file run.csv (CSV, C-alpha atoms)
chain,number,residue,atom,x,y,z
J,232,MET,CA,111.8,146.4,121.9
J,233,ASP,CA,110.2,149.0,119.8
J,234,ILE,CA,107.8,148.1,117.0
J,235,ILE,CA,107.5,149.7,113.6
J,236,PHE,CA,104.3,148.7,112.0
J,237,LEU,CA,102.7,148.6,108.5
J,238,HIS,CA,99.0,147.7,108.6
J,239,ASN,CA,96.2,147.3,106.1
J,240,LEU,CA,98.5,146.8,103.1
J,241,LYS,CA,96.2,145.5,100.4
J,242,VAL,CA,97.8,143.5,97.6
J,243,ASP,CA,96.2,141.5,94.7
J,244,THR,CA,97.6,138.1,94.2
J,245,VAL,CA,96.8,134.5,93.2
J,246,ILE,CA,96.0,132.6,96.4
J,247,GLY,CA,93.8,129.6,97.1
J,248,ILE,CA,93.4,125.9,96.6
J,249,PHE,CA,90.4,125.8,94.3
J,250,ASP,CA,90.6,125.9,90.5
J,251,TRP,CA,88.6,129.1,90.2
J,252,GLU,CA,91.0,130.8,92.7
J,253,ARG,CA,94.0,129.9,90.6
J,254,ARG,CA,92.5,131.8,87.6
J,255,ILE,CA,91.8,135.1,89.4
J,256,HIS,CA,93.5,137.7,91.6
J,257,GLN,CA,92.2,138.1,95.1
J,258,THR,CA,93.1,140.9,97.6
J,259,VAL,CA,94.9,139.9,100.7
J,260,VAL,CA,95.4,142.4,103.6
J,261,ILE,CA,98.7,142.3,105.3
J,262,ASP,CA,99.7,143.7,108.7
J,263,LEU,CA,103.4,143.7,109.7
J,264,ASP,CA,104.8,144.5,113.1
J,265,MET,CA,108.6,144.6,113.0
J,266,GLY,CA,110.9,144.7,116.0
J,267,ALA,CA,113.4,147.6,116.1
J,268,ASP,CA,115.3,149.9,118.3
J,269,ILE,CA,114.3,153.4,117.3
J,270,ARG,CA,116.4,155.4,119.8
J,271,LYS,CA,119.1,156.2,117.3
J,272,ALA,CA,116.6,157.4,114.7
J,273,ALA,CA,114.7,159.4,117.3
J,274,SER,CA,117.9,161.1,118.3
J,275,SER,CA,119.2,161.8,114.8
J,276,ASP,CA,115.8,162.4,113.1
J,277,HIS,CA,117.3,160.7,110.0
J,278,ILE,CA,115.8,157.9,107.8
J,279,ASP,CA,119.1,156.1,107.5
J,280,ASP,CA,119.0,155.3,111.3
J,281,THR,CA,115.7,153.5,111.2
J,282,LEU,CA,113.7,150.9,109.3
J,283,ASP,CA,112.4,152.4,106.1
J,284,TYR,CA,108.8,151.1,106.0
J,285,LYS,CA,108.2,152.5,102.5
J,286,SER,CA,111.1,150.2,101.3
J,287,VAL,CA,109.5,147.3,103.2
J,288,ALA,CA,106.1,148.0,101.7
J,289,LYS,CA,107.5,148.2,98.1
J,290,HIS,CA,109.4,145.0,98.5
J,291,ILE,CA,106.5,143.0,100.0
J,292,ILE,CA,104.0,144.4,97.4
J,293,ALA,CA,106.2,143.3,94.5
J,294,PHE,CA,106.7,139.9,96.0
J,295,VAL,CA,103.0,139.2,96.8
J,296,GLU,CA,101.8,140.5,93.4
J,297,ASP,CA,104.1,137.9,91.7
J,298,ALA,CA,103.4,135.1,94.2
J,299,GLU,CA,101.0,132.2,93.4
J,300,PHE,CA,100.6,130.3,96.7
J,301,GLN,CA,97.8,128.0,97.6
J,302,LEU,CA,97.9,128.7,101.3
J,303,VAL,CA,98.0,132.0,103.3
J,304,GLU,CA,100.2,130.1,105.7
J,305,THR,CA,102.9,129.8,103.0
J,306,LEU,CA,102.6,133.4,102.0
J,307,ALA,CA,103.0,134.5,105.6
J,308,GLU,CA,106.0,132.4,106.1
J,309,ARG,CA,107.7,133.7,102.9
J,310,ILE,CA,107.0,137.3,103.9
J,311,ALA,CA,108.5,136.7,107.3
J,312,GLU,CA,111.6,135.2,105.8
J,313,ILE,CA,112.0,138.2,103.4
J,314,ILE,CA,111.7,140.7,106.2
J,315,LEU,CA,114.1,138.9,108.5
J,316,GLU,CA,116.7,138.3,105.8
J,317,GLU,CA,116.6,141.6,104.0
J,318,PHE,CA,115.8,144.2,106.6
J,319,PRO,CA,117.5,145.1,109.9
J,320,VAL,CA,114.9,143.6,112.2
J,321,PRO,CA,115.3,140.7,114.7
J,322,TRP,CA,111.5,139.9,115.0
J,323,VAL,CA,108.4,140.2,112.8
J,324,ARG,CA,104.7,139.4,113.2
J,325,VAL,CA,102.9,138.8,109.9
J,326,ARG,CA,99.1,138.8,109.7
J,327,ILE,CA,97.5,137.8,106.4
J,328,ASN,CA,93.8,138.4,106.1
J,329,LYS,CA,91.9,136.8,103.2
J,330,GLN,CA,88.7,138.7,103.7
J,331,GLY,CA,85.5,137.0,102.7
J,332,ALA,CA,87.1,133.5,102.4
J,333,VAL,CA,84.5,132.0,104.6
J,334,ARG,CA,80.8,132.7,104.3
J,335,GLY,CA,79.6,134.5,107.4
J,336,ALA,CA,83.1,135.7,108.5
J,337,ARG,CA,84.6,139.0,107.4
J,338,ASP,CA,88.1,138.2,108.3
J,339,VAL,CA,90.0,134.9,107.9
J,340,GLY,CA,93.7,134.3,107.9
J,341,VAL,CA,96.8,133.6,109.9
J,342,ILE,CA,99.2,135.4,112.3
J,343,ILE,CA,102.8,134.2,112.7
J,344,GLU,CA,105.7,135.5,114.6
J,345,ARG,CA,109.3,134.8,113.6
J,346,GLY,CA,112.7,135.8,114.9
J,347,ASN,CA,113.9,136.8,118.4
J,348,LYS,CA,111.7,139.2,120.3
J,349,ASP,CA,114.2,139.8,123.1
call {"tool": "encode", "arguments": {"input": "run.csv", "output": "structure tokens"}}
result
Amino acid sequence: MDIIFLHNLKVDTVIGIFDWERRIHQTVVIDLDMGADIRKAASSDHIDDTLDYKSVAKHIIAFVEDAEFQLVETLAERIAEIILEEFPVPWVRVRINKQGAVRGARDVGVIIERGNKD
């Protein structure tokens, strides 16, 4: 399986469990690895034969900007669902990084994999 990736996508959203977090926007950093077979696109050299990662990015940015989840786990799960349901990929890995959420650690978050990687 080939992988089309979109890394370091920064989006401002409401995320967190504390009252002060519910009143502000925080930046989450999203990494997406999406399973694909790129042979047809490599042969044709045409965007219609591959996963349009710009389309994926626009859709995920719009969703995350409007979201108001408490947990990064929930956000990751919803992103995975959107990608698997709305784009032609059988598998996705979603990494959500809520940088600075824990004192002393730069990166904090979750990584999930959903779908069929075969």
call {"tool": "closest_residue", "arguments": {"input": "run.csv", "among": "J:Ile313, J:Ile235, J:Ile269, J:Leu263", "to": "Arg326 of chain J", "atoms": "all atoms listed in the file"}}
result
J:Leu263
call {"tool": "residues_near_point", "arguments": {"input": "run.csv", "point": "(113.2, 158.3, 116.9)", "cutoff": "12 Å", "atoms": "only C-alpha atoms", "output": "PyMOL selection string"}}
result
chain J and resi 233-235+267-282
call {"tool": "closest_atom_pairs", "arguments": {"input": "run.csv", "of": "segment 242-261 of chain J", "to": "segment 333-348 of chain J", "cutoff": "12 Å", "atoms": "all atoms listed in the file", "output": "Markdown table"}}
result
| residue | atom | partner | partner_atom | distance |
| --- | --- | --- | --- | --- |
| J:Ile246 | CA | J:Gly340 | CA | 11.9 |
| J:Gly247 | CA | J:Gly340 | CA | 11.8 |
| J:Val259 | CA | J:Gly340 | CA | 9.2 |
| J:Val260 | CA | J:Gly340 | CA | 9.3 |
| J:Ile261 | CA | J:Gly340 | CA | 9.8 |
call {"tool": "atom_distance", "arguments": {"input": "run.csv", "atom1": "atom CA of Asp243 of chain J", "atom2": "atom CA of Arg309 of chain J"}}
result
16.1 Å
call {"tool": "atom_distance", "arguments": {"input": "run.csv", "atom1": "atom CA of Ala293 of chain J", "atom2": "atom CA of Glu316 of chain J"}}
result
16.2 Å
call {"tool": "closest_residue", "arguments": {"input": "run.csv", "among": "J:Leu237, J:Ile248, J:Ala288, J:Val242", "to": "Arg324 of chain J", "atoms": "only C-alpha atoms"}}
result
J:Leu237
call {"tool": "closest_residue", "arguments": {"input": "run.csv", "among": "J:Ile291, J:Leu315, J:Val323, J:Ala332", "to": "Val303 of chain J", "atoms": "all atoms listed in the file"}}
result
J:Ala332
call {"tool": "build_atoms", "arguments": {"input": "run.csv", "residues": "segment 305-335 of chain J", "atoms": "N, CA and C atoms", "output": "mmCIF file, in the frame of the given file"}}
result
data_model
loop_
_atom_site.group_PDB
_atom_site.id
_atom_site.type_symbol
_atom_site.label_atom_id
_atom_site.label_comp_id
_atom_site.auth_asym_id
_atom_site.auth_seq_id
_atom_site.Cartn_x
_atom_site.Cartn_y
_atom_site.Cartn_z
ATOM 1 N N THR J 305 101.661 129.717 103.763
ATOM 2 C CA THR J 305 102.900 129.800 103.000
ATOM 3 C C THR J 305 103.278 131.206 102.673
ATOM 4 N N LEU J 306 102.303 131.994 102.272
ATOM 5 C CA LEU J 306 102.600 133.400 102.000
ATOM 6 C C LEU J 306 103.097 134.121 103.210
ATOM 7 N N ALA J 307 102.494 133.904 104.351
ATOM 8 C CA ALA J 307 103.000 134.500 105.600
ATOM 9 C C ALA J 307 104.388 134.145 105.919
ATOM 10 N N GLU J 308 104.694 132.871 105.784
ATOM 11 C CA GLU J 308 106.000 132.400 106.100
ATOM 12 C C GLU J 308 107.079 133.024 105.165
ATOM 13 N N ARG J 309 106.772 133.114 103.892
ATOM 14 C CA ARG J 309 107.700 133.700 102.900
ATOM 15 C C ARG J 309 107.926 135.198 103.211
ATOM 16 N N ILE J 310 106.858 135.904 103.560
ATOM 17 C CA ILE J 310 107.000 137.300 103.900
ATOM 18 C C ILE J 310 107.875 137.488 105.122
ATOM 19 N N ALA J 311 107.667 136.672 106.141
ATOM 20 C CA ALA J 311 108.500 136.700 107.300
ATOM 21 C C ALA J 311 109.964 136.502 107.000
ATOM 22 N N GLU J 312 110.232 135.513 106.163
ATOM 23 C CA GLU J 312 111.600 135.200 105.800
ATOM 24 C C GLU J 312 112.251 136.409 105.062
ATOM 25 N N ILE J 313 111.521 137.027 104.146
ATOM 26 C CA ILE J 313 112.000 138.200 103.400
ATOM 27 C C ILE J 313 112.399 139.316 104.378
ATOM 28 N N ILE J 314 111.503 139.617 105.281
ATOM 29 C CA ILE J 314 111.700 140.700 106.200
ATOM 30 C C ILE J 314 112.937 140.461 107.104
ATOM 31 N N LEU J 315 113.024 139.251 107.647
ATOM 32 C CA LEU J 315 114.100 138.900 108.500
ATOM 33 C C LEU J 315 115.479 138.872 107.821
ATOM 34 N N GLU J 316 115.462 138.443 106.563
ATOM 35 C CA GLU J 316 116.700 138.300 105.800
ATOM 36 C C GLU J 316 117.165 139.615 105.167
ATOM 37 N N GLU J 317 116.222 140.465 104.775
ATOM 38 C CA GLU J 317 116.600 141.600 104.000
ATOM 39 C C GLU J 317 116.487 142.970 104.667
ATOM 40 N N PHE J 318 115.974 142.982 105.875
ATOM 41 C CA PHE J 318 115.800 144.200 106.600
ATOM 42 C C PHE J 318 116.398 144.072 108.014
ATOM 43 N N PRO J 319 116.840 145.169 108.625
ATOM 44 C CA PRO J 319 117.500 145.100 109.900
ATOM 45 C C PRO J 319 116.522 144.953 111.099
ATOM 46 N N VAL J 320 115.809 143.833 111.128
ATOM 47 C CA VAL J 320 114.900 143.600 112.200
ATOM 48 C C VAL J 320 115.118 142.172 112.778
ATOM 49 N N PRO J 321 115.055 142.011 114.104
ATOM 50 C CA PRO J 321 115.300 140.700 114.700
ATOM 51 C C PRO J 321 113.994 139.873 114.845
ATOM 52 N N TRP J 322 112.831 140.542 114.701
ATOM 53 C CA TRP J 322 111.500 139.900 115.000
ATOM 54 C C TRP J 322 110.480 140.514 114.076
ATOM 55 N N VAL J 323 109.533 139.658 113.647
ATOM 56 C CA VAL J 323 108.400 140.200 112.800
ATOM 57 C C VAL J 323 107.151 139.366 113.157
ATOM 58 N N ARG J 324 106.042 140.070 113.158
ATOM 59 C CA ARG J 324 104.700 139.400 113.200
ATOM 60 C C ARG J 324 104.035 139.754 111.895
ATOM 61 N N VAL J 325 103.564 138.695 111.233
ATOM 62 C CA VAL J 325 102.900 138.800 109.900
ATOM 63 C C VAL J 325 101.463 138.356 110.092
ATOM 64 N N ARG J 326 100.542 139.193 109.693
ATOM 65 C CA ARG J 326 99.100 138.800 109.700
ATOM 66 C C ARG J 326 98.617 138.934 108.267
ATOM 67 N N ILE J 327 98.095 137.811 107.759
ATOM 68 C CA ILE J 327 97.500 137.800 106.400
ATOM 69 C C ILE J 327 96.014 137.565 106.574
ATOM 70 N N ASN J 328 95.249 138.446 105.997
ATOM 71 C CA ASN J 328 93.800 138.400 106.100
ATOM 72 C C ASN J 328 93.254 138.195 104.645
ATOM 73 N N LYS J 329 92.586 137.090 104.447
ATOM 74 C CA LYS J 329 91.900 136.800 103.200
ATOM 75 C C LYS J 329 90.434 137.054 103.382
ATOM 76 N N GLN J 330 90.071 138.322 103.386
ATOM 77 C CA GLN J 330 88.700 138.700 103.700
ATOM 78 C C GLN J 330 87.690 138.032 102.839
ATOM 79 N N GLY J 331 86.614 137.571 103.482
ATOM 80 C CA GLY J 331 85.500 137.000 102.700
ATOM 81 C C GLY J 331 85.753 135.528 102.312
ATOM 82 N N ALA J 332 86.810 134.895 102.780
ATOM 83 C CA ALA J 332 87.100 133.500 102.400
ATOM 84 C C ALA J 332 86.118 132.507 102.912
ATOM 85 N N VAL J 333 85.472 132.861 104.004
ATOM 86 C CA VAL J 333 84.500 132.000 104.600
ATOM 87 C C VAL J 333 83.175 132.724 104.767
ATOM 88 N N ARG J 334 82.119 132.120 104.254
ATOM 89 C CA ARG J 334 80.800 132.700 104.300
ATOM 90 C C ARG J 334 80.449 133.000 105.807
ATOM 91 N N GLY J 335 79.999 134.193 106.086
ATOM 92 C CA GLY J 335 79.600 134.500 107.400
ATOM 93 C C GLY J 335 80.710 135.178 108.265
#
